[in-house]
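Heads up, work-v9.cif below (mmCIF, C-alpha atoms and all ligand atoms):
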data_final
#
loop_
_atom_site.label_atom_id
_atom_site.label_comp_id
_atom_site.auth_asym_id
_atom_site.auth_seq_id
_atom_site.Cartn_x
_atom_site.Cartn_y
_atom_site.Cartn_z
CA MET A 1 -31.12 -135.68 69.47
CA SER A 2 -31.36 -135.57 65.69
CA ARG A 3 -28.89 -133.48 63.82
CA CYS A 4 -30.09 -130.32 62.27
CA GLN A 5 -28.71 -128.65 59.17
CA LEU A 6 -27.79 -125.02 59.60
CA PRO A 7 -28.48 -122.98 56.47
CA GLN A 8 -26.25 -120.17 55.38
CA LEU A 9 -27.16 -116.93 57.06
CA PRO A 10 -29.07 -114.50 54.83
CA ASN A 11 -27.16 -111.43 53.77
CA TRP A 12 -29.75 -108.94 55.00
CA LEU A 13 -28.39 -109.27 58.50
CA ASP A 14 -25.84 -106.60 59.32
CA ALA A 15 -23.77 -108.71 61.72
CA GLN A 16 -21.39 -105.88 62.51
CA GLN A 17 -24.24 -103.59 63.51
CA LEU A 18 -25.77 -106.35 65.61
CA ALA A 19 -22.49 -106.84 67.47
CA ALA A 20 -21.93 -103.10 67.83
CA ASP A 21 -25.37 -102.59 69.36
CA ALA A 22 -24.89 -105.44 71.83
CA LYS A 23 -21.42 -104.19 72.69
CA THR A 24 -22.50 -100.62 73.35
CA LEU A 25 -25.58 -101.61 75.32
CA SER A 26 -23.52 -103.87 77.57
CA SER A 27 -20.55 -101.54 77.94
CA GLY A 28 -19.33 -100.21 81.28
CA GLU A 29 -20.76 -96.83 80.36
CA MET A 30 -24.27 -98.29 80.71
CA LEU A 31 -23.51 -99.11 84.37
CA GLY A 32 -25.64 -102.23 84.31
CA ARG A 33 -28.82 -100.36 83.21
CA LYS A 34 -30.59 -100.65 86.54
CA THR A 35 -34.11 -99.19 86.60
CA GLY A 36 -34.15 -95.57 87.63
CA THR A 37 -30.41 -94.96 87.22
CA GLU A 38 -28.21 -92.92 84.91
CA GLY A 39 -27.20 -96.18 83.22
CA ALA A 40 -30.80 -96.87 82.26
CA ASN A 41 -31.05 -93.33 80.94
CA ARG A 42 -27.99 -93.87 78.75
CA ALA A 43 -29.40 -97.11 77.39
CA ARG A 44 -32.66 -95.37 76.50
CA ASN A 45 -30.81 -92.57 74.74
CA TYR A 46 -28.87 -95.07 72.68
CA LEU A 47 -31.99 -97.03 71.77
CA ILE A 48 -33.84 -93.87 70.74
CA GLU A 49 -30.94 -92.78 68.57
CA ARG A 50 -30.85 -96.17 66.88
CA MET A 51 -34.63 -96.27 66.37
CA GLN A 52 -34.48 -92.85 64.75
CA GLN A 53 -31.66 -93.98 62.45
CA ILE A 54 -33.72 -96.97 61.37
CA GLY A 55 -36.90 -94.96 60.95
CA VAL A 56 -38.89 -96.38 63.87
CA GLN A 57 -41.39 -93.76 65.02
CA PRO A 58 -42.35 -92.75 68.54
CA TRP A 59 -45.51 -94.60 69.52
CA ARG A 60 -48.51 -92.31 70.13
CA GLY A 61 -46.23 -89.32 69.87
CA GLN A 62 -43.52 -90.40 72.27
CA PHE A 63 -40.79 -92.96 72.77
CA LEU A 64 -40.82 -92.63 76.55
CA HIS A 65 -43.72 -94.14 78.50
CA PRO A 66 -43.19 -93.66 82.23
CA PHE A 67 -45.04 -95.76 84.80
CA ASN A 68 -45.11 -96.36 88.53
CA TYR A 69 -44.87 -99.73 90.21
CA PRO A 70 -44.82 -101.13 93.71
CA TYR A 71 -41.69 -102.97 94.80
CA ARG A 72 -40.85 -104.11 98.32
CA PHE A 73 -43.53 -101.97 99.90
CA SER A 74 -42.49 -98.77 98.16
CA GLU A 75 -43.55 -97.01 94.99
CA TYR A 76 -40.98 -96.72 92.19
CA SER A 77 -41.03 -95.39 88.68
CA GLY A 78 -39.76 -96.85 85.46
CA ILE A 79 -39.79 -95.87 81.80
CA ASN A 80 -40.76 -98.11 78.92
CA LEU A 81 -39.52 -97.22 75.50
CA ILE A 82 -41.93 -97.82 72.63
CA GLY A 83 -41.35 -97.37 68.93
CA ALA A 84 -43.65 -98.23 66.05
CA ILE A 85 -43.32 -99.11 62.39
CA PRO A 86 -46.79 -98.38 61.03
CA ALA A 87 -48.55 -100.72 58.65
CA THR A 88 -48.89 -99.62 55.05
CA THR A 89 -52.56 -100.64 55.16
CA PRO A 90 -55.25 -99.00 57.32
CA GLU A 91 -56.97 -100.66 60.29
CA ALA A 92 -54.05 -102.95 60.93
CA ASP A 93 -53.56 -105.18 63.96
CA LEU A 94 -50.39 -105.07 66.00
CA LEU A 95 -47.38 -107.29 66.42
CA VAL A 96 -45.26 -106.51 69.47
CA VAL A 97 -41.53 -107.25 69.72
CA ILE A 98 -40.26 -107.00 73.31
CA ALA A 99 -36.75 -106.84 74.71
CA HIS A 100 -36.24 -105.61 78.25
CA TYR A 101 -33.45 -103.08 78.60
CA ASP A 102 -33.05 -102.99 82.37
CA HIS A 103 -30.57 -105.12 84.25
CA LEU A 104 -28.98 -105.33 87.70
CA GLY A 105 -26.79 -102.21 87.83
CA ASN A 106 -23.43 -102.21 89.54
CA GLN A 107 -21.77 -102.79 92.87
CA GLY A 108 -19.17 -100.09 93.19
CA ARG A 109 -16.86 -100.48 90.23
CA ARG A 110 -18.15 -103.90 89.37
CA VAL A 111 -20.78 -103.78 86.69
CA TYR A 112 -23.42 -106.33 85.81
CA PHE A 113 -22.93 -105.85 82.09
CA GLY A 114 -25.93 -107.94 81.10
CA ALA A 115 -24.68 -108.71 77.60
CA ASP A 116 -26.79 -111.80 77.11
CA ASP A 117 -29.42 -110.53 79.57
CA ASN A 118 -30.49 -108.56 77.65
CA ALA A 119 -28.28 -106.47 75.36
CA SER A 120 -28.56 -109.42 73.01
CA GLY A 121 -32.36 -109.16 72.82
CA MET A 122 -32.26 -105.39 72.30
CA ALA A 123 -29.73 -105.66 69.49
CA ALA A 124 -31.76 -108.43 67.87
CA ALA A 125 -34.91 -106.29 68.11
CA LEU A 126 -33.11 -103.41 66.36
CA ALA A 127 -31.96 -105.75 63.59
CA ILE A 128 -35.54 -106.93 63.20
CA ALA A 129 -36.79 -103.34 63.02
CA GLN A 130 -34.32 -102.70 60.21
CA GLN A 131 -35.74 -105.67 58.37
CA VAL A 132 -39.41 -104.81 59.03
CA ILE A 133 -39.00 -101.31 57.65
CA GLN A 134 -37.64 -102.70 54.42
CA GLN A 135 -40.86 -104.59 53.68
CA GLU A 136 -42.75 -102.70 51.01
CA GLN A 137 -46.13 -103.87 52.16
CA ARG A 138 -46.87 -104.21 55.84
CA ASN A 139 -50.30 -105.41 56.91
CA HIS A 140 -49.53 -104.96 60.60
CA THR A 141 -48.10 -102.22 62.69
CA VAL A 142 -45.06 -103.51 64.55
CA LEU A 143 -44.37 -102.12 68.02
CA PHE A 144 -40.96 -102.35 69.62
CA LEU A 145 -41.31 -102.38 73.39
CA PHE A 146 -38.02 -101.98 75.22
CA SER A 147 -39.37 -102.69 78.66
CA ASP A 148 -38.06 -101.45 81.98
CA ALA A 149 -38.03 -103.14 85.40
CA GLU A 150 -38.31 -106.66 84.00
CA GLU A 151 -35.73 -107.77 86.54
CA ARG A 152 -38.00 -106.49 89.31
CA GLY A 153 -40.89 -108.69 88.30
CA LEU A 154 -41.93 -107.82 84.75
CA LYS A 155 -43.07 -104.38 85.92
CA GLY A 156 -42.70 -102.56 82.61
CA SER A 157 -44.66 -105.06 80.57
CA LYS A 158 -47.31 -105.28 83.29
CA ALA A 159 -47.68 -101.50 83.16
CA PHE A 160 -48.03 -101.68 79.38
CA VAL A 161 -50.89 -104.20 79.43
CA LYS A 162 -52.56 -102.40 82.30
CA GLN A 163 -52.56 -99.13 80.43
CA TRP A 164 -53.62 -100.64 77.08
CA PRO A 165 -55.54 -103.85 77.78
CA ASP A 166 -57.56 -103.72 74.56
CA LEU A 167 -54.94 -103.41 71.85
CA PRO A 168 -55.52 -105.77 68.89
CA ILE A 169 -52.27 -107.70 69.31
CA ASN A 170 -51.84 -110.74 67.08
CA LEU A 171 -48.48 -111.78 68.48
CA VAL A 172 -46.01 -110.87 71.20
CA LEU A 173 -42.45 -111.90 70.37
CA ASN A 174 -40.25 -111.65 73.44
CA LEU A 175 -36.47 -111.73 73.04
CA ASP A 176 -34.58 -112.30 76.26
CA MET A 177 -31.08 -113.81 76.29
CA VAL A 178 -30.45 -114.78 72.69
CA GLY A 179 -26.67 -114.25 72.63
CA ARG A 180 -25.09 -117.44 73.89
CA GLN A 181 -25.67 -121.09 74.26
CA TYR A 182 -26.11 -122.94 77.50
CA GLY A 183 -24.09 -126.15 77.25
CA ASN A 184 -25.33 -128.23 74.35
CA TYR A 185 -28.85 -126.95 74.58
CA ARG A 186 -30.34 -125.48 71.46
CA LEU A 187 -31.89 -122.08 71.16
CA ALA A 188 -35.12 -122.31 73.12
CA VAL A 189 -38.42 -121.27 71.63
CA THR A 190 -41.35 -121.33 74.03
CA HIS A 191 -44.86 -120.38 73.02
CA SER A 192 -48.36 -119.84 74.26
CA ASN A 193 -50.62 -122.85 74.48
CA ASP A 194 -52.19 -122.30 71.12
CA PRO A 195 -52.31 -124.87 68.26
CA GLU A 196 -52.02 -122.21 65.56
CA VAL A 197 -48.84 -120.82 67.06
CA LYS A 198 -47.38 -124.29 67.46
CA GLN A 199 -48.26 -125.19 63.88
CA LYS A 200 -46.50 -122.16 62.43
CA LEU A 201 -43.36 -122.87 64.45
CA VAL A 202 -43.32 -126.54 63.50
CA GLU A 203 -43.51 -125.55 59.83
CA LEU A 204 -40.71 -123.04 60.24
CA ARG A 205 -38.36 -125.45 61.94
CA PRO A 206 -36.79 -127.18 58.90
CA ASN A 207 -35.92 -123.78 57.40
CA SER A 208 -34.94 -122.07 60.60
CA ALA A 209 -31.58 -120.29 60.89
CA SER A 210 -31.07 -121.92 64.30
CA CYS A 211 -31.55 -125.44 65.49
CA PHE A 212 -34.16 -124.59 68.04
CA ALA A 213 -35.92 -126.63 70.66
CA PHE A 214 -39.38 -126.13 72.03
CA GLY A 215 -39.09 -125.16 75.65
CA GLN A 216 -36.08 -124.58 77.84
CA PRO A 217 -33.79 -126.76 79.83
CA ARG A 218 -35.84 -127.66 82.80
CA PHE A 219 -33.51 -126.61 85.53
CA SER A 220 -31.42 -123.54 86.01
CA THR A 221 -27.77 -123.71 86.99
CA THR A 222 -28.85 -123.15 90.56
CA GLY A 223 -30.91 -126.32 90.35
CA SER A 224 -34.23 -124.64 90.87
CA ARG A 225 -37.16 -125.41 88.67
CA ILE A 226 -38.23 -122.55 86.48
CA ASP A 227 -41.49 -122.07 84.70
CA TYR A 228 -40.36 -120.46 81.47
CA SER A 229 -43.85 -119.56 80.41
CA ARG A 230 -43.74 -117.07 83.28
CA ALA A 231 -40.07 -116.19 83.32
CA SER A 232 -40.08 -113.03 81.25
CA ASP A 233 -42.25 -110.24 79.83
CA HIS A 234 -44.46 -112.42 77.63
CA ASN A 235 -46.18 -113.57 80.82
CA SER A 236 -47.72 -110.13 81.29
CA PHE A 237 -49.63 -110.64 78.03
CA SER A 238 -50.38 -114.30 78.57
CA ARG A 239 -53.21 -113.67 81.02
CA TYR A 240 -55.01 -111.62 78.34
CA GLY A 241 -54.93 -114.58 75.98
CA THR A 242 -52.52 -112.89 73.58
CA PRO A 243 -50.49 -115.37 71.54
CA TRP A 244 -46.81 -115.18 72.38
CA VAL A 245 -43.47 -116.64 71.41
CA TYR A 246 -40.47 -116.39 73.68
CA VAL A 247 -36.99 -116.82 72.17
CA GLY A 248 -34.00 -117.42 74.45
CA GLY A 249 -33.81 -117.70 78.16
CA SER A 250 -31.76 -120.65 79.18
CA GLN A 251 -29.84 -119.72 82.28
CA GLN A 252 -26.23 -120.09 81.33
CA PRO A 253 -23.82 -120.19 84.31
CA ASP A 254 -22.91 -116.52 83.93
CA TRP A 255 -26.54 -115.43 84.14
CA HIS A 256 -26.93 -112.57 86.64
CA THR A 257 -23.19 -112.47 87.39
CA PHE A 258 -20.43 -109.99 86.51
CA ARG A 259 -19.32 -112.45 83.83
CA ASP A 260 -22.25 -111.85 81.50
CA THR A 261 -20.04 -109.82 79.16
CA PHE A 262 -20.02 -109.01 75.47
CA GLU A 263 -16.82 -111.03 74.99
CA ARG A 264 -18.61 -114.14 76.17
CA LEU A 265 -21.39 -113.91 73.62
CA ASP A 266 -21.30 -116.49 70.87
CA GLN A 267 -21.57 -114.34 67.78
CA GLU A 268 -22.69 -116.99 65.36
CA TYR A 269 -25.31 -118.34 67.71
CA PHE A 270 -26.45 -114.76 68.36
CA GLU A 271 -26.70 -113.97 64.64
CA ARG A 272 -28.65 -117.16 64.02
CA ALA A 273 -30.99 -116.47 66.93
CA THR A 274 -31.63 -112.99 65.50
CA VAL A 275 -32.48 -114.35 62.07
CA THR A 276 -34.68 -117.03 63.63
CA SER A 277 -36.53 -114.36 65.61
CA TRP A 278 -37.16 -112.46 62.40
CA GLN A 279 -38.33 -115.65 60.70
CA ILE A 280 -40.81 -116.17 63.54
CA LEU A 281 -42.12 -112.60 63.35
CA SER A 282 -42.48 -112.82 59.60
CA LEU A 283 -44.89 -115.78 60.00
CA TRP A 284 -47.33 -113.22 61.39
CA LEU A 285 -46.48 -110.33 59.06
CA ASP A 286 -48.70 -111.33 56.14
ZN ZN A 301 -33.67 -110.99 81.03
#
When written as structure tokens, how does the structure in this file appear?
Amino acid sequence: MSRCQLPQLPNWLDAQQLAADAKTLSSGEMLGRKTGTEGANRARNYLIERMQQIGVQPWRGQFLHPFNYPYRFSEYSGINLIGAIPATTPEADLLVVIAHYDHLGNQGRRVYFGADDNASGMAAALAIAQQVIQQEQRNHTVLFLFSDAEERGLKGSKAFVKQWPDLPINLVLNLDMVGRQYGNYRLAVTHSNDPEVKQKLVELRPNSASCFAFGQPRFSTTGSRIDYSRASDHNSFSRYGTPWVYVGGSQQPDWHTFRDTFERLDQEYFERATVTSWQILSLWLD
């Protein structure tokens, strides 16, 4: 594996805010953010408060977008959270940044904190929103979709595409597990099978804030083979032919255990992954 030079991190990133967001969203108070629980409600409230601070607007008049979904032969409900930073030009296409906010909940007093999965992605999305809003000219509206019920089979993102199948989306950027490294593996960037997407990412690579690799480690820690093109919310868009980039997702050993805590995040890796995610989005911003 060739060595890769890591540039200095840009000073626009508020690393303290990034850490604070990840810490709060993975705190015990959030109770593991399981779909349909008080913990999920608390996570939504925090995300709404942060979006309002940044200046992200409710999408189509509301942040909360409830939906129903079938799961194990019953009907359940979930709530997606959607914010928008409108383009400064009319008739603009959309870019969609996704980070699922749901996780596995708790078992009694033991909480699945879900710091990497996916407080890290949510915090990174908020940092990106802060950066998007600072751009004087924006030719695209950027949506921030904090999806629900991802852990139950991508239900929130499926509900989104079902409700709005015809949105002019130029790119979906999905952030899921960007807060810590799995062994010696680099940050993983997976993308839709699309030469234009690949080309942009290849050109970014020498200037990227992270040493990233295309694709994920092939096997999870449980030894099972995982198809990462289907492993998270980007897959819901994939069948519509929407270009997508998926950052993160290698299954570190603490994945889906009680040990996925804030303290175990690798802050520098996390900061670099956040900046890299912004760099990727900005390739589509012009
Ligand atoms: Zn996840």
For this session: Could you pull out the residues sitting within 9 Å of ligand ZN 301 (chain A), using only C-alpha atoms and all ligand atoms, and write them as a ChimeraX atom specification?
Result: /A:99-103,114,116-118,121,150-151,175-177,231-233,249,255-256
For this session: Find, counting only C-alpha atoms, the residue in A:Asn45, A:Ser147, A:Thr242, A:Thr35 that gets nearest to A:Leu167.
Result: A:Thr242
Problem set entry | Which of A:Ile82, A:Ala43, A:Leu281, A:Val56 sits closest to A:Ser157 [using only C-alpha atoms] |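 Once distances to A:Ser157 are computed over only C-alpha atoms, the minimum belongs to A:Ile82.
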For this session: Taking the point (-42.5, -115.6, 77.7) as given in the file, collect each protein or nucleic acid residue that comes within 9 Å of it, counting all atoms listed in the file, and present the set as an MDAnalysis selection string.
Result: chainID A and resid 172:176 190:192 228:238 244:247 249
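Distances here use only C-alpha atoms; by that measure, the residue among A:Tyr269, A:Phe258, A:Tyr69, A:Phe113 closest to A:Gly153 is A:Tyr69.
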Seminar exercise, completed: One residue among A:Ala115, A:Leu145, A:Leu95, A:Ala123 is nearest to A:Ala159 when using all atoms listed in the file, and that residue is A:Leu145
Problem set entry | For atom CA of A:Ala273 and atom CA of A:Gln53, the interatomic separation in Å (one decimal) | 22.9 Å
Which residues, protein or nucleic acid, reach to within 7 Å of (-41.0, -100.9, 86.2) in the file's coordinates when using all atoms listed in the file, and can you give that as a short mmCIF file (atom, residue, chain, number, x, y, z; two decimals) with C-alpha atoms, in the frame of the given file?
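Below is the file that was written, part_28.cif:
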data_model
loop_
_atom_site.label_atom_id
_atom_site.label_comp_id
_atom_site.auth_asym_id
_atom_site.auth_seq_id
_atom_site.Cartn_x
_atom_site.Cartn_y
_atom_site.Cartn_z
CA PHE A 67 -45.04 -95.76 84.80
CA ASN A 68 -45.11 -96.36 88.53
CA TYR A 69 -44.87 -99.73 90.21
CA SER A 77 -41.03 -95.39 88.68
CA GLY A 78 -39.76 -96.85 85.46
CA ILE A 79 -39.79 -95.87 81.80
CA ASP A 148 -38.06 -101.45 81.98
CA ALA A 149 -38.03 -103.14 85.40
CA GLU A 150 -38.31 -106.66 84.00
CA LYS A 155 -43.07 -104.38 85.92
CA GLY A 156 -42.70 -102.56 82.61
#
Exercise. Smallest atom-to-atom distance to A:Leu81: which of A:Phe160, A:Tyr182, A:Phe146, A:Trp278, using all atoms listed in the file?
Worked result: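 Ranking A:Phe160, A:Tyr182, A:Phe146, A:Trp278 by distance to A:Leu81, first place goes to A:Phe146.
Using all atoms listed in the file for every distance, the candidate list A:Gln252, A:Ser27, A:Leu201, A:Ser120 yields A:Gln252 as the residue closest to A:Tyr185.
Note that atom CA of A:Ala127 and atom CA of A:Leu6 are 20.1 Å apart.
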Problem set entry | Separation of atom CA of A:Ile133 from atom CA of A:Leu13, in Å and rounded to one decimal | 13.3 Å
For A:Phe63, please output as a PDB file with C-alpha atoms, keeping the file's coordinate frame all residues within 8 Å (counting all atoms listed in the file; exclusion window: fewer than 4 positions along the same chain).
ATOM      1  CA  ILE A  48     -33.840 -93.870  70.740  1.00  0.00           C
ATOM      2  CA  GLN A  57     -41.390 -93.760  65.020  1.00  0.00           C
ATOM      3  CA  PRO A  58     -42.350 -92.750  68.540  1.00  0.00           C
ATOM      4  CA  TRP A  59     -45.510 -94.600  69.520  1.00  0.00           C
ATOM      5  CA  LEU A  81     -39.520 -97.220  75.500  1.00  0.00           C
ATOM      6  CA  ILE A  82     -41.930 -97.820  72.630  1.00  0.00           C
ATOM      7  CA  GLY A  83     -41.350 -97.370  68.930  1.00  0.00           C
TER       8      GLY A  83
END
Exercise. What lies within 12 Å of A:Ser210 using all atoms listed in the file, ignoring chain neighbours under 6 positions off, as an MDAnalysis selection string?
Worked result: chainID A and resid 3:9 178 181 185:189 204 247:248 268:280
For this session: Find the residues around A:Thr24 up to 10 Å (only C-alpha atoms counted), leave out those fewer than 4 positions away in its own chain, and share them as a list in words.
Result: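 The neighbour list is Ala19, Ala20, Gly28, Glu29, Met30, Ala43, Tyr46, Ala115, Ala119, Ala123 and Phe262 of chain A.
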